[in-house]
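Below: final-v5.cif (mmCIF, C-alpha atoms; chains and numbers go by the auth columns)
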```cif
data_query
loop_
_atom_site.group_PDB
_atom_site.id
_atom_site.type_symbol
_atom_site.label_atom_id
_atom_site.label_comp_id
_atom_site.label_asym_id
_atom_site.label_seq_id
_atom_site.Cartn_x
_atom_site.Cartn_y
_atom_site.Cartn_z
_atom_site.B_iso_or_equiv
_atom_site.auth_seq_id
_atom_site.auth_asym_id
ATOM 1 C CA MET A 1 7.784 -20.155 14.653 0.00 1024 A
ATOM 2 C CA GLN A 2 7.156 -21.471 18.151 0.00 1025 A
ATOM 3 C CA GLN A 3 8.445 -24.935 19.011 0.00 1026 A
ATOM 4 C CA PRO A 4 5.995 -27.497 20.403 0.00 1027 A
ATOM 5 C CA ALA A 5 6.129 -28.065 24.156 0.00 1028 A
ATOM 6 C CA LEU A 6 8.441 -30.882 25.141 0.00 1029 A
ATOM 7 C CA SER A 7 7.838 -33.333 27.967 0.00 1030 A
ATOM 8 C CA ILE A 8 10.150 -36.071 29.195 0.00 1031 A
ATOM 9 C CA THR A 9 8.462 -39.262 30.383 0.00 1032 A
ATOM 10 C CA ARG A 10 9.805 -42.535 31.726 0.00 1033 A
ATOM 11 C CA LEU A 11 8.012 -45.437 30.048 0.00 1034 A
ATOM 12 C CA SER A 12 7.111 -48.629 31.852 0.00 1035 A
ATOM 13 C CA ALA A 13 7.811 -51.910 30.094 0.00 1036 A
ATOM 14 C CA ALA A 14 4.148 -52.235 29.088 0.00 1037 A
ATOM 15 C CA GLU A 15 4.069 -48.661 27.736 0.00 1038 A
ATOM 16 C CA ALA A 16 7.273 -49.267 25.790 0.00 1039 A
ATOM 17 C CA GLU A 17 5.867 -52.478 24.356 0.00 1040 A
ATOM 18 C CA ARG A 18 2.821 -50.600 23.069 0.00 1041 A
ATOM 19 C CA ALA A 19 5.122 -47.915 21.629 0.00 1042 A
ATOM 20 C CA VAL A 20 7.436 -50.320 19.757 0.00 1043 A
ATOM 21 C CA PRO A 21 6.273 -49.170 16.285 0.00 1044 A
ATOM 22 C CA GLU A 22 6.939 -45.517 17.168 0.00 1045 A
ATOM 23 C CA LEU A 23 10.224 -46.320 18.946 0.00 1046 A
ATOM 24 C CA GLY A 24 11.227 -48.364 15.917 0.00 1047 A
ATOM 25 C CA ALA A 25 10.454 -45.421 13.644 0.00 1048 A
ATOM 26 C CA LEU A 26 12.667 -43.186 15.814 0.00 1049 A
ATOM 27 C CA LEU A 27 15.570 -45.646 15.672 0.00 1050 A
ATOM 28 C CA HIS A 28 15.081 -46.202 11.943 0.00 1051 A
ATOM 29 C CA ALA A 29 15.111 -42.453 11.188 0.00 1052 A
ATOM 30 C CA CYS A 30 18.243 -41.909 13.286 0.00 1053 A
ATOM 31 C CA VAL A 31 20.158 -44.734 11.588 0.00 1054 A
ATOM 32 C CA LEU A 32 19.081 -43.548 8.127 0.00 1055 A
ATOM 33 C CA ASP A 33 20.418 -40.106 9.122 0.00 1056 A
ATOM 34 C CA GLY A 34 23.832 -41.629 9.915 0.00 1057 A
ATOM 35 C CA ALA A 35 23.660 -42.005 13.703 0.00 1058 A
ATOM 36 C CA SER A 36 26.320 -44.310 15.110 0.00 1059 A
ATOM 37 C CA ILE A 37 24.135 -46.336 17.453 0.00 1060 A
ATOM 38 C CA GLY A 38 25.074 -49.864 16.508 0.00 1061 A
ATOM 39 C CA PHE A 39 23.361 -50.459 13.180 0.00 1062 A
ATOM 40 C CA VAL A 40 24.418 -50.329 9.534 0.00 1063 A
ATOM 41 C CA LEU A 41 22.529 -49.832 6.294 0.00 1064 A
ATOM 42 C CA PRO A 42 20.485 -51.367 4.898 0.00 1065 A
ATOM 43 C CA PHE A 43 18.334 -51.225 8.030 0.00 1066 A
ATOM 44 C CA SER A 44 14.580 -51.776 7.955 0.00 1067 A
ATOM 45 C CA GLN A 45 11.742 -50.610 10.165 0.00 1068 A
ATOM 46 C CA GLU A 46 11.189 -54.268 11.090 0.00 1069 A
ATOM 47 C CA GLU A 47 14.793 -54.606 12.285 0.00 1070 A
ATOM 48 C CA ALA A 48 14.390 -51.419 14.323 0.00 1071 A
ATOM 49 C CA GLU A 49 11.246 -52.732 16.011 0.00 1072 A
ATOM 50 C CA ASP A 50 12.950 -56.076 16.616 0.00 1073 A
ATOM 51 C CA PHE A 51 15.761 -54.283 18.475 0.00 1074 A
ATOM 52 C CA TRP A 52 13.250 -52.808 20.925 0.00 1075 A
ATOM 53 C CA ARG A 53 11.438 -56.120 21.399 0.00 1076 A
ATOM 54 C CA ARG A 54 14.519 -58.335 21.803 0.00 1077 A
ATOM 55 C CA HIS A 55 17.100 -56.047 23.399 0.00 1078 A
ATOM 56 C CA VAL A 56 15.270 -53.363 25.351 0.00 1079 A
ATOM 57 C CA LEU A 57 11.945 -54.790 26.529 0.00 1080 A
ATOM 58 C CA PRO A 58 13.491 -57.730 28.450 0.00 1081 A
ATOM 59 C CA GLY A 59 15.578 -55.346 30.567 0.00 1082 A
ATOM 60 C CA LEU A 60 12.604 -53.054 31.117 0.00 1083 A
ATOM 61 C CA TYR A 61 10.529 -55.988 32.359 0.00 1084 A
ATOM 62 C CA GLU A 62 13.417 -57.207 34.560 0.00 1085 A
ATOM 63 C CA GLY A 63 13.981 -53.739 36.037 0.00 1086 A
ATOM 64 C CA THR A 64 17.607 -53.592 34.862 0.00 1087 A
ATOM 65 C CA ARG A 65 16.946 -51.020 32.124 0.00 1088 A
ATOM 66 C CA PHE A 66 14.983 -47.776 32.170 0.00 1089 A
ATOM 67 C CA LEU A 67 13.682 -45.785 29.202 0.00 1090 A
ATOM 68 C CA TRP A 68 12.803 -42.107 28.847 0.00 1091 A
ATOM 69 C CA VAL A 69 11.149 -40.556 25.828 0.00 1092 A
ATOM 70 C CA ALA A 70 10.742 -36.978 24.739 0.00 1093 A
ATOM 71 C CA LEU A 71 7.185 -36.206 23.684 0.00 1094 A
ATOM 72 C CA ALA A 72 6.226 -33.251 21.518 0.00 1095 A
ATOM 73 C CA GLU A 73 2.630 -32.946 20.363 0.00 1096 A
ATOM 74 C CA GLY A 74 2.020 -36.478 21.640 0.00 1097 A
ATOM 75 C CA ARG A 75 4.718 -38.040 19.465 0.00 1098 A
ATOM 76 C CA ILE A 76 8.023 -39.609 20.479 0.00 1099 A
ATOM 77 C CA GLY A 77 10.823 -37.372 19.259 0.00 1100 A
ATOM 78 C CA GLY A 78 13.699 -38.805 21.267 0.00 1101 A
ATOM 79 C CA SER A 79 14.747 -41.428 23.777 0.00 1102 A
ATOM 80 C CA VAL A 80 17.533 -42.507 26.103 0.00 1103 A
ATOM 81 C CA GLN A 81 18.114 -45.618 28.222 0.00 1104 A
ATOM 82 C CA LEU A 82 19.810 -46.259 31.545 0.00 1105 A
ATOM 83 C CA GLY A 83 21.371 -49.711 31.823 0.00 1106 A
ATOM 84 C CA CYS A 84 21.652 -50.912 35.421 0.00 1107 A
ATOM 85 C CA ALA A 85 22.536 -54.582 34.884 0.00 1108 A
ATOM 86 C CA THR A 86 25.812 -54.293 36.732 0.00 1109 A
ATOM 87 C CA LEU A 87 27.731 -56.815 38.802 0.00 1110 A
ATOM 88 C CA PRO A 88 27.569 -56.625 42.609 0.00 1111 A
ATOM 89 C CA ASN A 89 30.784 -54.586 42.866 0.00 1112 A
ATOM 90 C CA GLN A 90 29.421 -52.013 40.406 0.00 1113 A
ATOM 91 C CA ARG A 91 25.958 -51.262 41.798 0.00 1114 A
ATOM 92 C CA HIS A 92 26.996 -47.628 42.199 0.00 1115 A
ATOM 93 C CA ARG A 93 27.238 -47.098 38.423 0.00 1116 A
ATOM 94 C CA ALA A 94 25.094 -47.374 35.308 0.00 1117 A
ATOM 95 C CA ASP A 95 25.446 -47.031 31.541 0.00 1118 A
ATOM 96 C CA VAL A 96 23.837 -44.394 29.344 0.00 1119 A
ATOM 97 C CA ASN A 97 22.580 -46.144 26.199 0.00 1120 A
ATOM 98 C CA LYS A 98 21.198 -45.090 22.838 0.00 1121 A
ATOM 99 C CA LEU A 99 20.512 -41.368 23.195 0.00 1122 A
ATOM 100 C CA MET A 100 18.439 -40.603 20.078 0.00 1123 A
ATOM 101 C CA VAL A 101 16.671 -37.512 18.795 0.00 1124 A
ATOM 102 C CA HIS A 102 14.650 -37.668 15.592 0.00 1125 A
ATOM 103 C CA PRO A 103 16.461 -35.777 12.809 0.00 1126 A
ATOM 104 C CA ASP A 104 13.433 -33.471 12.392 0.00 1127 A
ATOM 105 C CA GLY A 105 13.587 -32.403 16.054 0.00 1128 A
ATOM 106 C CA ARG A 106 17.246 -31.687 16.686 0.00 1129 A
ATOM 107 C CA ARG A 107 18.771 -28.484 18.094 0.00 1130 A
ATOM 108 C CA ARG A 108 15.806 -27.884 20.411 0.00 1131 A
ATOM 109 C CA GLY A 109 17.226 -29.100 23.735 0.00 1132 A
ATOM 110 C CA THR A 110 15.688 -32.567 23.517 0.00 1133 A
ATOM 111 C CA ALA A 111 18.914 -34.525 24.080 0.00 1134 A
ATOM 112 C CA ARG A 112 19.881 -32.327 27.044 0.00 1135 A
ATOM 113 C CA ALA A 113 16.433 -32.710 28.623 0.00 1136 A
ATOM 114 C CA LEU A 114 16.571 -36.498 28.205 0.00 1137 A
ATOM 115 C CA MET A 115 20.041 -36.680 29.754 0.00 1138 A
ATOM 116 C CA LEU A 116 19.057 -34.517 32.733 0.00 1139 A
ATOM 117 C CA ALA A 117 16.023 -36.708 33.446 0.00 1140 A
ATOM 118 C CA LEU A 118 18.188 -39.830 33.215 0.00 1141 A
ATOM 119 C CA GLU A 119 20.818 -38.357 35.554 0.00 1142 A
ATOM 120 C CA ASP A 120 18.229 -37.352 38.169 0.00 1143 A
ATOM 121 C CA ALA A 121 16.714 -40.831 38.147 0.00 1144 A
ATOM 122 C CA ALA A 122 20.123 -42.532 38.262 0.00 1145 A
ATOM 123 C CA LEU A 123 21.112 -40.541 41.331 0.00 1146 A
ATOM 124 C CA ALA A 124 17.771 -41.281 43.002 0.00 1147 A
ATOM 125 C CA GLN A 125 18.560 -44.996 42.480 0.00 1148 A
ATOM 126 C CA GLY A 126 21.962 -44.599 44.140 0.00 1149 A
ATOM 127 C CA ARG A 127 23.896 -44.662 40.868 0.00 1150 A
ATOM 128 C CA THR A 128 26.723 -42.172 41.409 0.00 1151 A
ATOM 129 C CA LEU A 129 28.795 -42.871 38.292 0.00 1152 A
ATOM 130 C CA LEU A 130 27.541 -42.906 34.702 0.00 1153 A
ATOM 131 C CA THR A 131 29.470 -44.209 31.705 0.00 1154 A
ATOM 132 C CA LEU A 132 28.808 -43.964 27.978 0.00 1155 A
ATOM 133 C CA ASP A 133 30.467 -44.217 24.612 0.00 1156 A
ATOM 134 C CA THR A 134 30.006 -42.098 21.514 0.00 1157 A
ATOM 135 C CA ARG A 135 31.560 -41.914 18.075 0.00 1158 A
ATOM 136 C CA SER A 136 34.589 -39.648 18.374 0.00 1159 A
ATOM 137 C CA GLY A 137 33.895 -36.241 16.870 0.00 1160 A
ATOM 138 C CA ASP A 138 30.137 -36.885 16.687 0.00 1161 A
ATOM 139 C CA LYS A 139 27.567 -34.171 17.445 0.00 1162 A
ATOM 140 C CA ALA A 140 26.809 -35.756 20.820 0.00 1163 A
ATOM 141 C CA GLU A 141 30.368 -35.535 22.160 0.00 1164 A
ATOM 142 C CA PRO A 142 30.239 -31.758 22.875 0.00 1165 A
ATOM 143 C CA LEU A 143 26.778 -32.181 24.429 0.00 1166 A
ATOM 144 C CA TYR A 144 28.110 -34.763 26.869 0.00 1167 A
ATOM 145 C CA ALA A 145 31.106 -32.551 27.702 0.00 1168 A
ATOM 146 C CA SER A 146 28.773 -29.607 28.352 0.00 1169 A
ATOM 147 C CA LEU A 147 26.858 -31.803 30.812 0.00 1170 A
ATOM 148 C CA GLY A 148 30.046 -32.542 32.755 0.00 1171 A
ATOM 149 C CA TYR A 149 31.085 -35.862 31.224 0.00 1172 A
ATOM 150 C CA GLU A 150 34.828 -36.397 31.099 0.00 1173 A
ATOM 151 C CA THR A 151 36.738 -38.360 28.491 0.00 1174 A
ATOM 152 C CA ALA A 152 38.253 -41.586 29.762 0.00 1175 A
ATOM 153 C CA GLY A 153 39.833 -42.483 26.418 0.00 1176 A
ATOM 154 C CA ARG A 154 39.419 -43.245 22.736 0.00 1177 A
ATOM 155 C CA ILE A 155 39.654 -46.486 20.838 0.00 1178 A
ATOM 156 C CA PRO A 156 40.432 -46.171 17.106 0.00 1179 A
ATOM 157 C CA GLY A 157 38.490 -48.299 14.619 0.00 1180 A
ATOM 158 C CA TYR A 158 35.957 -49.319 17.277 0.00 1181 A
ATOM 159 C CA CYS A 159 32.753 -49.185 15.228 0.00 1182 A
ATOM 160 C CA ARG A 160 31.685 -49.254 11.617 0.00 1183 A
ATOM 161 C CA ASP A 161 30.018 -46.217 10.064 0.00 1184 A
ATOM 162 C CA ALA A 162 26.303 -46.733 9.418 0.00 1185 A
ATOM 163 C CA ALA A 163 26.562 -46.102 5.654 0.00 1186 A
ATOM 164 C CA THR A 164 30.146 -46.949 4.665 0.00 1187 A
ATOM 165 C CA PRO A 165 32.752 -49.586 5.538 0.00 1188 A
ATOM 166 C CA ARG A 166 34.818 -46.892 7.327 0.00 1189 A
ATOM 167 C CA LEU A 167 35.788 -47.727 10.916 0.00 1190 A
ATOM 168 C CA ASP A 168 35.368 -44.863 13.374 0.00 1191 A
ATOM 169 C CA ALA A 169 36.983 -44.179 16.720 0.00 1192 A
ATOM 170 C CA THR A 170 34.834 -44.229 19.843 0.00 1193 A
ATOM 171 C CA THR A 171 35.223 -41.979 22.878 0.00 1194 A
ATOM 172 C CA PHE A 172 34.417 -43.411 26.296 0.00 1195 A
ATOM 173 C CA MET A 173 33.143 -40.887 28.833 0.00 1196 A
ATOM 174 C CA PHE A 174 32.033 -40.798 32.453 0.00 1197 A
ATOM 175 C CA LYS A 175 30.362 -38.479 34.926 0.00 1198 A
ATOM 176 C CA LYS A 176 30.416 -38.587 38.704 0.00 1199 A
ATOM 177 C CA LEU A 177 26.950 -37.660 39.943 0.00 1200 A
ATOM 178 C CA ALA A 178 28.088 -37.640 43.563 0.00 1201 A
ATOM 179 C CA PRO A 179 31.420 -38.020 45.298 0.00 1202 A
ATOM 180 C CA LEU A 180 32.721 -41.558 45.115 0.00 1203 A
ATOM 181 C CA LEU A 181 33.760 -43.301 48.305 0.00 1204 A
ATOM 182 C CA PRO A 182 37.506 -43.102 48.953 0.00 1205 A
ATOM 183 C CA ALA A 183 39.636 -46.140 48.133 0.00 1206 A
ATOM 184 C CA SER A 184 40.621 -48.190 51.159 0.00 1207 A
#
```
For the structure just supplied, provide its representation as structure tokens.
Amino acid sequence: MQQPALSITRLSAAEAERAVPELGALLHACVLDGASIGFVLPFSQEEAEDFWRRHVLPGLYEGTRFLWVALAEGRIGGSVQLGCATLPNQRHRADVNKLMVHPDGRRRGTARALMLALEDAALAQGRTLLTLDTRSGDKAEPLYASLGYETAGRIPGYCRDAATPRLDATTFMFKKLAPLLPAS
């Protein structure tokens, strides 16, 4: 069976605002599937949409956050965000936030395509260092390593599992997109 064509698109703030119901459905499906992206069950579609409205849209409108979506057959099947709200001494770096792929569309290269688009755009903006965190041992950790992200360290008991009271370790990772300036 042939997979639908995938396209990666950066959404403007206005486009993201119009897509909040679909973005909320993506987030909701990922959390229900056990993704460690900051939310715990029970978690409603309304709460998912509220996250986009209250926590993502303001940064998109301010120009301190950027959002890419993966489209297949005209539907959002994944997303990733680049957080650029850094202090003046950190304008060379940015944070990778909330990489999500709908459970029905995994293992098709969507996450990799989203990350590559994000990295290209970050470098074009002069961001030469990316940082992220992921649940230790999660499916995303090997993906990040395969893209050249290095482990900076792990913190045990950092985040709660989405479905149980168990506390999971988190791995912090980074990637240099270009050589960093030497220390003086």
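By only C-alpha atoms, and with residues fewer than 6 positions from Leu1055 of chain A along its chain excluded, the set lying at most 9 Å from it is Val1063, Leu1064, Pro1065, Phe1066, Ala1185 and Ala1186 of chain A.
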_Contact residues around Asp1184 of chain A with all atoms listed in the file at 9 Å, ignoring same-chain residues under 2 positions, as number ranges by chain_ = A: 1057-1059, 1061-1063, 1182, 1186-1191
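Protein and nucleic acid residues near (22.5, -39.4, 23.1) are Lys1121, Leu1122 and Met1123 of chain A, the criterion being any atom at most 6 Å away using only C-alpha atoms.
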Take the residues from that selection and write them out as an mmCIF file, in the coordinates of the input, keeping C-alpha atoms.
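Contents of the output file part16.cif:
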```cif
data_model
loop_
_atom_site.group_PDB
_atom_site.id
_atom_site.type_symbol
_atom_site.label_atom_id
_atom_site.label_comp_id
_atom_site.auth_asym_id
_atom_site.auth_seq_id
_atom_site.Cartn_x
_atom_site.Cartn_y
_atom_site.Cartn_z
ATOM 1 C CA LYS A 1121 21.198 -45.090 22.838
ATOM 2 C CA LEU A 1122 20.512 -41.368 23.195
ATOM 3 C CA MET A 1123 18.439 -40.603 20.078
#
```
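Rounded to one decimal, atom CA of Leu1029 of chain A and atom CA of Tyr1172 of chain A lie 24.0 Å from each other.
Interatomic distance, atom CA of Pro1165 of chain A to atom CA of Glu1072 of chain A: 29.1 Å.
For the pair atom CA of Arg1033 of chain A and atom CA of Val1092 of chain A, the interatomic distance is 6.4 Å.
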Please write the residues picked by the PyMOL selection byres ((chain A and resi 1120) around 9) on this file as a PDB file with C-alpha atoms, keeping the file's coordinate frame.
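What ended up in result20.pdb:
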```pdb
ATOM      1  CA  ILE A1060      24.135 -46.336  17.453  1.00  0.00           C
ATOM      2  CA  VAL A1103      17.533 -42.507  26.103  1.00  0.00           C
ATOM      3  CA  GLN A1104      18.114 -45.618  28.222  1.00  0.00           C
ATOM      4  CA  LEU A1105      19.810 -46.259  31.545  1.00  0.00           C
ATOM      5  CA  GLY A1106      21.371 -49.711  31.823  1.00  0.00           C
ATOM      6  CA  ASP A1118      25.446 -47.031  31.541  1.00  0.00           C
ATOM      7  CA  VAL A1119      23.837 -44.394  29.344  1.00  0.00           C
ATOM      8  CA  LYS A1121      21.198 -45.090  22.838  1.00  0.00           C
ATOM      9  CA  LEU A1122      20.512 -41.368  23.195  1.00  0.00           C
ATOM     10  CA  LEU A1155      28.808 -43.964  27.978  1.00  0.00           C
ATOM     11  CA  ASP A1156      30.467 -44.217  24.612  1.00  0.00           C
TER      12      ASP A1156
END
```
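With distances taken over all atoms listed in the file, A:Ile1031 is the one residue among A:Leu1094, A:Leu1083, A:Ile1031, A:Pro1111 lying closest to Ala1136 of chain A.
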*Where does the PyMOL selection byres ((chain A and resi 1038-1041) around 12) land in this file, that is, which residues does it pick, as a PyMOL selection string?*
chain A and resi 1032-1037+1042-1047+1072-1084+1088-1092+1099+1102+1104
Could you take the residues named above and write them with C-alpha atoms, as an mmCIF file, in the frame of the given file?
```cif
data_model
loop_
_atom_site.group_PDB
_atom_site.id
_atom_site.type_symbol
_atom_site.label_atom_id
_atom_site.label_comp_id
_atom_site.auth_asym_id
_atom_site.auth_seq_id
_atom_site.Cartn_x
_atom_site.Cartn_y
_atom_site.Cartn_z
ATOM 1 C CA THR A 1032 8.462 -39.262 30.383
ATOM 2 C CA ARG A 1033 9.805 -42.535 31.726
ATOM 3 C CA LEU A 1034 8.012 -45.437 30.048
ATOM 4 C CA SER A 1035 7.111 -48.629 31.852
ATOM 5 C CA ALA A 1036 7.811 -51.910 30.094
ATOM 6 C CA ALA A 1037 4.148 -52.235 29.088
ATOM 7 C CA ALA A 1042 5.122 -47.915 21.629
ATOM 8 C CA VAL A 1043 7.436 -50.320 19.757
ATOM 9 C CA PRO A 1044 6.273 -49.170 16.285
ATOM 10 C CA GLU A 1045 6.939 -45.517 17.168
ATOM 11 C CA LEU A 1046 10.224 -46.320 18.946
ATOM 12 C CA GLY A 1047 11.227 -48.364 15.917
ATOM 13 C CA GLU A 1072 11.246 -52.732 16.011
ATOM 14 C CA ASP A 1073 12.950 -56.076 16.616
ATOM 15 C CA PHE A 1074 15.761 -54.283 18.475
ATOM 16 C CA TRP A 1075 13.250 -52.808 20.925
ATOM 17 C CA ARG A 1076 11.438 -56.120 21.399
ATOM 18 C CA ARG A 1077 14.519 -58.335 21.803
ATOM 19 C CA HIS A 1078 17.100 -56.047 23.399
ATOM 20 C CA VAL A 1079 15.270 -53.363 25.351
ATOM 21 C CA LEU A 1080 11.945 -54.790 26.529
ATOM 22 C CA PRO A 1081 13.491 -57.730 28.450
ATOM 23 C CA GLY A 1082 15.578 -55.346 30.567
ATOM 24 C CA LEU A 1083 12.604 -53.054 31.117
ATOM 25 C CA TYR A 1084 10.529 -55.988 32.359
ATOM 26 C CA ARG A 1088 16.946 -51.020 32.124
ATOM 27 C CA PHE A 1089 14.983 -47.776 32.170
ATOM 28 C CA LEU A 1090 13.682 -45.785 29.202
ATOM 29 C CA TRP A 1091 12.803 -42.107 28.847
ATOM 30 C CA VAL A 1092 11.149 -40.556 25.828
ATOM 31 C CA ILE A 1099 8.023 -39.609 20.479
ATOM 32 C CA SER A 1102 14.747 -41.428 23.777
ATOM 33 C CA GLN A 1104 18.114 -45.618 28.222
#
```
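Take the candidates A:Met1196, A:Leu1139, A:Ala1147, A:Leu1049 and check each one against Asp1127 of chain A using all atoms listed in the file; the shortest distance goes to A:Leu1049.
For Arg1116 of chain A, the set of protein, DNA and RNA residues having any atom at most 7 Å away, when counting only C-alpha atoms and skipping those fewer than 2 positions along the same chain, is A:Gln1113, A:Arg1114, A:Arg1150, A:Thr1151, A:Leu1152, A:Leu1153.
When only C-alpha atoms are used to measure the gap to Leu1166 of chain A, the shortest distance among A:Ala1201, A:Ala1192, A:Ala1134, A:Val1124 belongs to A:Ala1134.
Residues of protein, DNA and RNA with at least one atom no farther than 9 Å from (36.5, -39.2, 27.5) are, using all atoms listed in the file, Asp1156, Glu1164, Ala1168, Tyr1172, Glu1173, Thr1174, Ala1175, Gly1176, Arg1177, Thr1194, Phe1195, Met1196 and Phe1197 of chain A.
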Return as JSON the box centre and box size in Å, one decimal, for an axis-aligned box around all listed atoms of segment 1038-1047 of chain A padded by 3 Å per side.
```
{"center_x": 7.0, "center_y": -49.0, "center_z": 21.8, "size_x": 14.4, "size_y": 13.0, "size_z": 17.8}
```
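The residue that comes closest to Asp1161 of chain A, out of A:Thr1193, A:Cys1107, A:Thr1087, A:Leu1200 and on the basis of only C-alpha atoms, is A:Thr1193.
Distances from A:Arg1131, A:Leu1146, A:Tyr1181, A:Ala1028 to Ser1159 of chain A were compared using only C-alpha atoms, and the smallest one belongs to A:Tyr1181.
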